[in-house]
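Asks: Dropping in coords_10.txt, with compact mmCIF, C-alpha atoms and all ligand atoms.
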```txt
# COMPACT_ATOMS: atom_id res chain seq x y z
CA MET A 1 -6.17 -12.06 -9.08
CA LEU A 2 -6.43 -15.81 -8.83
CA ILE A 3 -5.62 -16.66 -5.32
CA ARG A 4 -8.14 -15.73 -2.66
CA THR A 5 -11.60 -15.12 -3.94
CA ASN A 6 -14.98 -14.64 -2.37
CA SER A 7 -18.40 -15.05 -3.94
CA ASN A 8 -17.84 -11.98 -6.12
CA GLY A 9 -14.66 -13.51 -7.37
CA PHE A 10 -12.20 -10.98 -6.07
CA ASP A 11 -10.27 -10.08 -3.04
CA HIS A 12 -11.85 -7.59 -0.62
CA GLY A 13 -9.16 -5.77 1.33
CA ILE A 14 -10.23 -2.53 2.98
CA PRO A 15 -7.40 -0.06 2.39
CA SER A 16 -8.50 2.41 5.03
CA GLU A 17 -8.05 -0.30 7.63
CA ILE A 18 -4.48 -0.95 6.66
CA THR A 19 -2.27 0.31 9.45
CA SER A 20 -0.38 3.45 8.51
CA ARG A 21 3.33 2.97 8.48
CA ALA A 22 6.30 4.93 9.77
CA ALA A 23 7.19 5.77 6.18
CA PHE A 24 4.19 8.05 5.99
CA GLU A 25 4.82 9.85 9.25
CA GLY A 26 6.99 12.67 7.92
CA ARG A 27 4.18 13.92 5.75
CA ARG A 28 4.38 16.87 3.49
CA ASP A 29 1.67 18.48 1.55
CA LEU A 30 1.64 18.03 -2.19
CA LEU A 31 -0.19 21.32 -2.30
CA LYS A 32 3.07 23.09 -1.53
CA LEU A 33 4.83 21.46 -4.43
CA TRP A 34 2.07 22.16 -6.86
CA ALA A 35 1.37 25.66 -5.59
CA SER A 36 5.06 26.39 -6.27
CA GLY A 37 4.16 26.12 -9.94
CA ALA A 38 5.98 22.86 -10.60
CA ALA A 39 2.92 21.24 -12.10
CA GLY A 40 1.04 24.27 -13.33
CA ALA A 41 -2.03 26.13 -12.20
CA ALA A 42 -4.51 23.56 -13.47
CA LEU A 43 -3.08 20.84 -11.30
CA ALA A 44 -2.90 23.13 -8.29
CA SER A 45 -6.67 23.20 -8.33
CA TYR A 46 -6.80 19.40 -8.04
CA ALA A 47 -4.38 19.68 -5.18
CA ALA A 48 -6.58 22.16 -3.38
CA ARG A 49 -9.26 19.50 -3.24
CA ASP A 50 -6.83 16.74 -2.47
CA ALA A 51 -4.32 17.88 0.08
CA ARG A 52 -2.76 14.61 1.13
CA ALA A 53 0.16 12.86 2.64
CA MET A 54 3.09 11.58 0.61
CA GLY A 55 5.82 9.11 1.33
CA GLY A 56 8.70 11.44 2.09
CA LEU A 57 10.65 10.09 -0.92
CA ALA A 58 12.80 12.10 -3.31
CA LYS A 59 10.81 14.70 -5.20
CA LEU A 60 10.10 14.11 -8.86
CA PRO A 61 7.85 16.87 -10.11
CA GLY A 62 6.44 16.77 -13.60
CA GLY A 63 5.27 19.55 -15.89
CA LYS A 64 1.78 19.74 -17.29
CA SER A 65 1.08 17.25 -20.06
CA ALA A 66 -0.22 18.30 -23.46
CA VAL A 67 -1.29 14.75 -24.31
CA SER A 68 -5.01 14.50 -24.99
CA GLY A 69 -6.88 12.80 -22.14
CA ALA A 70 -3.86 12.85 -19.85
CA ASN A 71 -5.59 14.58 -16.94
CA VAL A 72 -8.77 13.20 -15.45
CA MET A 73 -10.73 15.77 -13.43
CA GLU A 74 -11.57 13.35 -10.66
CA LYS A 75 -10.65 13.24 -7.02
CA LEU A 76 -7.23 11.73 -6.50
CA THR A 77 -6.84 8.55 -4.51
CA ASP A 78 -5.06 9.16 -1.22
CA TYR A 79 -1.34 8.48 -1.45
CA LYS A 80 -1.68 6.14 1.50
CA ASP A 81 -4.18 3.93 -0.29
CA ALA A 82 -2.22 3.99 -3.56
CA SER A 83 0.94 2.90 -1.75
CA THR A 84 -0.45 0.31 0.69
CA TYR A 85 -3.06 -1.53 -1.40
CA ASN A 86 -0.96 -3.14 -4.10
CA ASN A 87 -0.47 -6.09 -6.37
CA PHE A 88 3.21 -6.99 -6.63
CA TYR A 89 3.38 -10.76 -6.28
CA GLU A 90 7.16 -10.77 -6.03
CA PHE A 91 6.57 -9.43 -2.51
CA GLY A 92 3.54 -11.52 -1.59
CA THR A 93 -0.02 -12.02 -2.76
CA ASP A 94 -1.80 -10.04 -0.06
CA LYS A 95 -2.66 -6.42 -0.90
CA ALA A 96 -0.71 -5.25 2.16
CA ASP A 97 2.38 -7.41 1.47
CA PRO A 98 4.22 -5.17 -1.05
CA ALA A 99 4.22 -2.15 1.30
CA LYS A 100 5.49 -4.36 4.10
CA ASN A 101 8.10 -6.29 2.14
CA ALA A 102 9.34 -4.24 -0.83
CA HIS A 103 11.92 -2.31 1.21
CA THR A 104 14.34 -5.11 0.26
CA LEU A 105 14.22 -4.16 -3.41
CA ILE A 106 17.50 -2.55 -4.46
CA THR A 107 16.73 0.20 -6.97
CA LYS A 108 20.20 1.75 -7.23
CA PRO A 109 22.05 1.07 -9.42
CA TRP A 110 19.42 0.09 -11.98
CA THR A 111 19.78 -0.68 -15.66
CA VAL A 112 17.28 -1.54 -18.36
CA GLU A 113 18.41 -3.64 -21.27
CA ILE A 114 17.04 -2.82 -24.72
CA THR A 115 17.01 -6.00 -26.80
CA GLY A 116 15.51 -7.69 -29.83
CA ALA A 117 14.52 -6.13 -33.14
CA VAL A 118 16.02 -2.72 -32.60
CA LYS A 119 18.75 -0.67 -34.27
CA LYS A 120 20.24 0.57 -30.99
CA PRO A 121 20.22 -2.27 -28.46
CA GLY A 122 22.15 -1.88 -25.21
CA LYS A 123 21.97 -1.06 -21.56
CA MET A 124 20.59 2.19 -20.21
CA GLY A 125 21.12 3.31 -16.64
CA ILE A 126 18.25 4.84 -14.72
CA GLU A 127 19.93 8.27 -14.84
CA GLU A 128 20.01 8.12 -18.64
CA LEU A 129 16.42 6.89 -18.79
CA LEU A 130 15.25 9.77 -16.62
CA LYS A 131 16.67 12.17 -19.20
CA VAL A 132 15.14 10.70 -22.35
CA SER A 133 12.31 13.22 -22.26
CA GLY A 134 10.83 15.90 -20.01
CA MET A 135 8.94 14.65 -16.97
CA GLU A 136 5.20 15.15 -17.09
CA GLU A 137 2.54 14.64 -14.49
CA ARG A 138 -0.54 12.83 -15.73
CA ILE A 139 -3.63 12.03 -13.74
CA TYR A 140 -4.90 8.68 -14.97
CA ARG A 141 -7.74 6.44 -13.95
CA PHE A 142 -6.37 3.05 -12.90
CA ARG A 143 -8.75 0.06 -13.14
CA CYS A 144 -7.70 -3.29 -11.75
CA VAL A 145 -9.17 -6.41 -13.35
CA GLU A 146 -10.32 -7.40 -9.85
CA GLY A 147 -12.96 -4.66 -9.85
CA TRP A 148 -11.42 -1.77 -7.93
CA SER A 149 -10.07 1.50 -9.24
CA MET A 150 -8.00 4.53 -8.26
CA VAL A 151 -7.03 7.91 -9.72
CA ILE A 152 -3.29 8.45 -9.60
CA PRO A 153 -0.98 11.30 -10.63
CA TRP A 154 1.93 9.53 -12.33
CA VAL A 155 5.19 11.20 -13.27
CA GLY A 156 7.10 10.14 -16.36
CA TYR A 157 6.93 10.48 -20.13
CA SER A 158 5.42 8.74 -23.13
CA LEU A 159 7.09 5.40 -23.78
CA ALA A 160 7.10 6.47 -27.45
CA GLU A 161 9.97 8.87 -26.65
CA LEU A 162 12.22 6.00 -25.60
CA ILE A 163 11.08 3.79 -28.48
CA LYS A 164 11.94 6.49 -31.03
CA LYS A 165 15.38 6.87 -29.48
CA VAL A 166 16.29 3.19 -29.80
CA GLU A 167 14.87 2.84 -33.34
CA PRO A 168 12.93 -0.43 -33.66
CA LEU A 169 13.44 -2.41 -36.88
CA GLY A 170 10.65 -3.00 -39.40
CA ASN A 171 9.88 -6.46 -38.04
CA ALA A 172 9.31 -5.19 -34.48
CA LYS A 173 5.57 -5.69 -34.04
CA TYR A 174 5.38 -5.95 -30.24
CA VAL A 175 7.18 -4.68 -27.17
CA GLU A 176 7.81 -7.02 -24.26
CA PHE A 177 8.48 -5.77 -20.73
CA ILE A 178 10.47 -8.08 -18.49
CA THR A 179 10.68 -7.17 -14.83
CA MET A 180 13.12 -7.84 -12.01
CA ALA A 181 13.16 -11.36 -10.57
CA ASP A 182 15.68 -11.92 -7.78
CA ALA A 183 14.77 -14.26 -4.94
CA LYS A 184 17.33 -12.56 -2.70
CA GLN A 185 15.38 -9.31 -2.85
CA MET A 186 11.90 -10.65 -3.51
CA PRO A 187 10.48 -13.11 -0.98
CA GLY A 188 7.37 -13.78 -3.09
CA LEU A 189 9.43 -15.53 -5.76
CA ARG A 190 9.58 -18.60 -3.56
CA ASN A 191 5.84 -19.14 -3.24
CA GLY A 192 5.35 -19.95 -6.92
CA SER A 193 2.27 -17.74 -7.28
CA LEU A 194 3.33 -16.90 -10.86
CA ASP A 195 6.01 -17.95 -13.30
CA PHE A 196 8.54 -15.14 -12.66
CA PRO A 197 9.89 -12.87 -14.05
CA TYR A 198 6.62 -11.02 -14.44
CA VAL A 199 6.26 -10.27 -18.14
CA GLU A 200 3.88 -7.98 -19.96
CA GLY A 201 3.59 -6.77 -23.54
CA LEU A 202 1.98 -4.30 -25.90
CA ARG A 203 1.42 -4.21 -29.64
CA MET A 204 3.71 -1.61 -31.22
CA ASP A 205 0.90 0.88 -31.92
CA GLU A 206 -0.25 0.60 -28.28
CA ALA A 207 3.30 1.10 -27.05
CA MET A 208 3.68 4.16 -29.30
CA HIS A 209 0.37 5.69 -28.20
CA PRO A 210 1.12 8.95 -26.36
CA LEU A 211 -0.99 7.90 -23.35
CA THR A 212 1.27 4.90 -22.71
CA MET A 213 3.69 6.06 -20.11
CA LEU A 214 6.96 5.02 -18.63
CA ALA A 215 6.34 6.08 -15.05
CA PHE A 216 9.16 6.91 -12.63
CA GLY A 217 7.09 8.64 -9.99
CA MET A 218 3.71 9.37 -8.50
CA TYR A 219 2.30 12.23 -6.43
CA GLY A 220 5.35 14.34 -7.25
CA GLU A 221 7.85 11.85 -5.79
CA VAL A 222 9.82 8.89 -7.10
CA LEU A 223 7.82 5.64 -7.07
CA PRO A 224 7.72 3.80 -3.78
CA ASN A 225 9.21 0.32 -4.20
CA GLN A 226 5.81 -1.32 -3.79
CA ASN A 227 4.47 0.64 -6.77
CA GLY A 228 7.22 -0.54 -9.10
CA ALA A 229 10.35 1.52 -8.47
CA PRO A 230 12.34 2.69 -10.22
CA LEU A 231 10.23 2.45 -13.37
CA ARG A 232 7.02 0.80 -14.54
CA LEU A 233 4.63 0.80 -17.42
CA MET A 234 1.25 2.54 -17.42
CA SER A 235 -1.39 2.23 -20.16
CA PRO A 236 -4.49 3.75 -18.59
CA TRP A 237 -7.08 2.15 -20.90
CA LYS A 238 -5.89 -1.35 -19.96
CA TYR A 239 -6.39 -3.35 -16.79
CA GLY A 240 -3.78 -2.60 -14.17
CA PHE A 241 -1.93 -5.88 -14.60
CA LYS A 242 -0.53 -4.64 -17.94
CA GLY A 243 1.56 -2.17 -15.94
CA GLY A 244 4.68 -4.23 -15.31
CA LYS A 245 6.64 -3.01 -12.29
CA SER A 246 10.40 -2.66 -11.83
CA ILE A 247 11.26 -3.23 -15.50
CA VAL A 248 14.74 -4.52 -16.33
CA GLN A 249 14.40 -5.36 -20.01
CA ILE A 250 12.45 -3.96 -22.96
CA ARG A 251 12.45 -6.34 -25.90
CA PHE A 252 11.19 -5.66 -29.41
CA THR A 253 9.67 -8.77 -30.98
CA GLU A 254 7.96 -9.95 -34.12
CA LYS A 255 5.73 -12.41 -32.24
CA GLU A 256 3.16 -11.58 -29.59
CA PRO A 257 4.90 -12.00 -26.22
CA ARG A 258 3.61 -14.58 -23.73
CA THR A 259 2.54 -12.58 -20.72
CA SER A 260 2.53 -13.78 -17.11
CA TRP A 261 -1.21 -13.72 -16.44
CA ASN A 262 -2.02 -15.10 -19.86
CA LYS A 263 0.31 -18.02 -19.16
CA ALA A 264 -1.18 -18.54 -15.69
CA ALA A 265 -4.84 -18.44 -16.81
CA PRO A 266 -5.28 -17.95 -20.57
CA GLN A 267 -9.08 -18.25 -20.44
CA GLU A 268 -9.21 -15.37 -17.95
CA TYR A 269 -6.47 -12.97 -19.06
CA GLY A 270 -5.84 -12.22 -22.72
CA PHE A 271 -3.04 -10.29 -24.36
CA PHE A 272 -4.99 -7.08 -24.95
CA SER A 273 -6.63 -6.69 -21.53
CA ASN A 274 -8.46 -3.53 -22.51
CA VAL A 275 -10.87 -2.28 -19.89
CA ASN A 276 -14.24 -3.32 -21.30
CA PRO A 277 -17.44 -3.32 -19.26
CA THR A 278 -19.17 -5.51 -21.87
CA VAL A 279 -16.71 -8.41 -21.60
CA ASP A 280 -16.99 -10.14 -18.25
CA HIS A 281 -14.20 -11.96 -16.52
CA PRO A 282 -15.24 -15.64 -16.53
CA ARG A 283 -15.74 -15.43 -12.75
CA TRP A 284 -17.19 -11.92 -12.30
CA SER A 285 -18.75 -8.97 -14.09
CA GLN A 286 -16.60 -6.09 -15.32
CA ALA A 287 -19.55 -3.67 -15.65
CA THR A 288 -18.89 -1.79 -12.42
CA GLU A 289 -16.01 -0.93 -10.13
CA ARG A 290 -15.37 0.10 -6.55
CA ARG A 291 -13.38 3.34 -6.40
CA ILE A 292 -10.92 3.03 -3.54
CA GLY A 293 -11.55 5.89 -1.10
CA ASP A 294 -15.21 6.40 -1.97
CA GLU A 295 -17.26 7.15 1.09
CA GLY A 296 -18.84 4.03 2.51
CA GLY A 297 -15.87 1.74 1.78
CA LEU A 298 -17.06 -1.67 0.68
CA PHE A 299 -20.65 -0.47 0.83
CA ALA A 300 -20.09 2.59 -1.36
CA LYS A 301 -22.18 2.71 -4.48
CA LYS A 302 -20.21 1.13 -7.30
CA ARG A 303 -19.35 3.16 -10.36
CA LYS A 304 -20.01 2.13 -13.92
CA THR A 305 -16.84 1.01 -15.65
CA LEU A 306 -16.20 3.01 -18.82
CA MET A 307 -15.23 1.53 -22.18
CA PHE A 308 -11.44 1.64 -22.48
CA ASN A 309 -11.54 3.05 -18.94
CA GLY A 310 -12.85 6.35 -20.33
CA TYR A 311 -10.08 6.75 -22.92
CA GLU A 312 -12.13 5.58 -25.92
CA ALA A 313 -11.82 8.90 -27.80
CA GLN A 314 -8.02 8.58 -27.62
CA VAL A 315 -7.50 4.85 -28.22
CA GLY A 316 -10.69 3.39 -29.75
CA GLN A 317 -9.30 3.58 -33.28
CA LEU A 318 -6.42 1.23 -32.38
CA TYR A 319 -8.99 -1.58 -32.23
CA ALA A 320 -11.23 -0.65 -35.17
CA GLY A 321 -12.72 -3.81 -36.70
CA MET A 322 -11.42 -6.11 -33.96
CA ASP A 323 -13.75 -8.47 -32.11
CA LEU A 324 -13.02 -7.41 -28.54
CA LYS A 325 -14.85 -10.42 -27.12
CA LYS A 326 -12.35 -12.66 -28.88
CA PHE A 327 -9.32 -10.45 -28.34
CA TYR A 328 -9.92 -9.72 -24.64
N1 LIG B 401 4.31 -6.04 -11.89
C1 LIG B 401 5.03 -6.98 -11.33
N2 LIG B 401 6.35 -7.04 -11.57
N3 LIG B 401 4.48 -7.92 -10.49
C2 LIG B 401 3.15 -7.94 -10.22
O1 LIG B 401 2.67 -8.80 -9.46
N4 LIG B 401 0.98 -6.86 -10.61
C3 LIG B 401 0.18 -6.16 -11.63
C4 LIG B 401 0.82 -4.83 -12.04
N5 LIG B 401 2.24 -4.96 -12.23
C5 LIG B 401 2.33 -6.93 -10.82
C6 LIG B 401 2.96 -5.97 -11.65
C7 LIG B 401 -1.18 -5.97 -11.19
S1 LIG B 401 -2.16 -7.35 -11.09
C8 LIG B 401 -1.70 -4.73 -10.91
S2 LIG B 401 -3.36 -4.50 -10.60
C9 LIG B 401 -0.82 -3.56 -10.83
O2 LIG B 401 0.54 -3.87 -11.02
C10 LIG B 401 -0.97 -2.92 -9.46
O3 LIG B 401 -0.30 -1.72 -9.39
P1 LIG B 401 -0.33 -0.87 -8.04
O4 LIG B 401 0.04 -1.79 -6.93
O5 LIG B 401 0.64 0.23 -8.23
O6 LIG B 401 -1.74 -0.38 -7.88
```
Is it possible to express this structure as structure tokens?
Replies:
Amino acid sequence: MLIRTNSNGFDHGIPSEITSRAAFEGRRDLLKLWASGAAGAALASYAARDARAMGGLAKLPGGKSAVSGANVMEKLTDYKDASTYNNFYEFGTDKADPAKNAHTLITKPWTVEITGAVKKPGKMGIEELLKVSGMEERIYRFRCVEGWSMVIPWVGYSLAELIKKVEPLGNAKYVEFITMADAKQMPGLRNGSLDFPYVEGLRMDEAMHPLTMLAFGMYGEVLPNQNGAPLRLMSPWKYGFKGGKSIVQIRFTEKEPRTSWNKAAPQEYGFFSNVNPTVDHPRWSQATERRIGDEGGLFAKKRKTLMFNGYEAQVGQLYAGMDLKKFY
């Protein structure tokens, strides 16, 4: 996001040129899973158009979501692209680094600490977290601040379900997400690309919005390490960097949390980070995006970026009256 830029301002990796890895060799067809009824008939029709390889990881199917806007009727990004073209600076700053290096991340056992202004603080193991609510599959657009986008079927549940369970206190106005930082497992911690741990945050109403998801899987399987195993955040109307990966602590605060990218470059990355084609990044336009996998690769016609990434009907009212040029 800051490191290597060309004249357009952002990094141009070509995912289809990334060498396929042994992990993807034992491929299975998601179609089989979906056709079995695990994700419902509606999703099976997406699958018919998008038969694709997966990572051979443990299955994590999700039921159909009833949340408004939760399923985009757009072609899914290939699993291979979604799992080999990543930002996860703890494992290196190159798009291909996380897939190469994140095998050293130890995801079992895993606990998340609930802290701050909350009635029921404490530690929750991943097994307990997986059971907080029913797993749903949701097909979200994913727009990176760098100007590329994907369409990914995530598996998880609304973060609101966990928040209700732990009962925030009246003075909890924000939720802060603190992620794993262990130099023994994460070689990227030594290069000082960011001030780790990677931290993100949401205002309480954003965190409680049903579209905001705690994701444990994608494409019907548990998350690959490089995508933020064993759990990450996903708010589809915000730039991708709001989706903190490999979360170890969820803290309820009265004050707006200082987030990693905001600390690194406050003039470029604000707290809200809502996808907004009318507010340019200081170094490049945000009006259009390159959909990874579109025919033509780098030369494919760019798509128009949608206000709130296309989720305006669901989330626009959260920002009524706010100057989104000031609160970017
Ligand atoms: N979470 C952590 N812990 N570390 C990171 O470097 N990068 C963010 C976000 N979450 C990042 C992170 C950025 S910049 C983006 S665009 C998305 O993860 C990328 O998610 P993906 O690799 O699954 O597409």
Asks: Give as a PyMOL selection string the residues surrounding ligand LIG 401 (chain B) up to a distance of 9 Å, considering all atoms listed in the file.
Replies: chain A and resi 1+82-93+95+98+142-146+148-150+178-181+194+196-200+226-228+232-233+239-247+261
Asks: When you draw a straight line from CA of Thr288 (chain A) to CA of Asn276 (chain A), how long is it in Å?
Replies: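 These atoms are spaced 10.1 Å apart.
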Asks: Check the smallest atom-to-atom distance from each of A:Leu189, A:Val67, A:Val151, A:Ile106 to Pro210 (chain A) using only C-alpha atoms, then report the winner.
Replies: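 Among the listed residues, the smallest separation from Pro210 (chain A) belongs to A:Val67.
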Asks: What's the separation between CA of Leu129 (chain A) and CA of Thr253 (chain A), in Å to one decimal place?
Replies: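 These two atoms are separated by 21.0 Å.
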Asks: When you count all atoms listed in the file, which of these residues is closest to Ala215 (chain A): A:Ser133, A:Ser285, A:Gln249, A:Thr259?
Replies: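 Answer, going by the shortest atom-to-atom distance: A:Ser133.
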Asks: Could you add N, CA, C and O atoms to region 151-165 of chain A and give me the result as a CSV table (one decimal), in the coordinates of the input?
Replies:
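Output file out-v1.csv follows:
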```csv
chain,number,residue,atom,x,y,z
A,151,VAL,N,-7.4,6.8,-8.8
A,151,VAL,CA,-7.0,7.9,-9.7
A,151,VAL,C,-5.7,8.4,-9.2
A,151,VAL,O,-5.5,8.8,-8.1
A,152,ILE,N,-4.7,8.3,-10.1
A,152,ILE,CA,-3.3,8.4,-9.6
A,152,ILE,C,-2.5,9.5,-10.5
A,152,ILE,O,-2.6,9.4,-11.7
A,153,PRO,N,-1.8,10.4,-9.9
A,153,PRO,CA,-1.0,11.3,-10.6
A,153,PRO,C,0.4,10.7,-10.8
A,153,PRO,O,1.2,10.6,-9.9
A,154,TRP,N,0.6,10.2,-12.0
A,154,TRP,CA,1.9,9.5,-12.3
A,154,TRP,C,2.9,10.6,-12.8
A,154,TRP,O,2.5,11.6,-13.4
A,155,VAL,N,4.2,10.3,-12.7
A,155,VAL,CA,5.2,11.2,-13.3
A,155,VAL,C,6.1,10.4,-14.2
A,155,VAL,O,6.6,9.3,-13.8
A,156,GLY,N,6.3,10.9,-15.4
A,156,GLY,CA,7.1,10.1,-16.4
A,156,GLY,C,6.9,10.8,-17.7
A,156,GLY,O,6.6,11.9,-17.8
A,157,TYR,N,7.1,10.0,-18.8
A,157,TYR,CA,6.9,10.5,-20.1
A,157,TYR,C,6.4,9.4,-21.0
A,157,TYR,O,6.3,8.2,-20.6
A,158,SER,N,6.0,9.7,-22.2
A,158,SER,CA,5.4,8.7,-23.1
A,158,SER,C,6.5,7.7,-23.5
A,158,SER,O,7.6,8.1,-23.9
A,159,LEU,N,6.2,6.5,-23.4
A,159,LEU,CA,7.1,5.4,-23.8
A,159,LEU,C,7.6,5.6,-25.2
A,159,LEU,O,8.7,5.3,-25.6
A,160,ALA,N,6.7,6.2,-26.1
A,160,ALA,CA,7.1,6.5,-27.4
A,160,ALA,C,8.4,7.2,-27.6
A,160,ALA,O,9.2,7.0,-28.5
A,161,GLU,N,8.7,8.1,-26.6
A,161,GLU,CA,10.0,8.9,-26.6
A,161,GLU,C,11.2,8.0,-26.6
A,161,GLU,O,12.2,8.1,-27.3
A,162,LEU,N,11.1,6.9,-25.7
A,162,LEU,CA,12.2,6.0,-25.6
A,162,LEU,C,12.3,5.1,-26.9
A,162,LEU,O,13.4,4.8,-27.4
A,163,ILE,N,11.1,4.7,-27.3
A,163,ILE,CA,11.1,3.8,-28.5
A,163,ILE,C,11.7,4.5,-29.7
A,163,ILE,O,12.5,3.9,-30.4
A,164,LYS,N,11.4,5.8,-29.9
A,164,LYS,CA,11.9,6.5,-31.0
A,164,LYS,C,13.5,6.6,-30.9
A,164,LYS,O,14.2,6.5,-31.9
A,165,LYS,N,13.9,6.7,-29.7
A,165,LYS,CA,15.4,6.9,-29.5
A,165,LYS,C,16.2,5.6,-29.8
A,165,LYS,O,17.3,5.7,-30.3
```
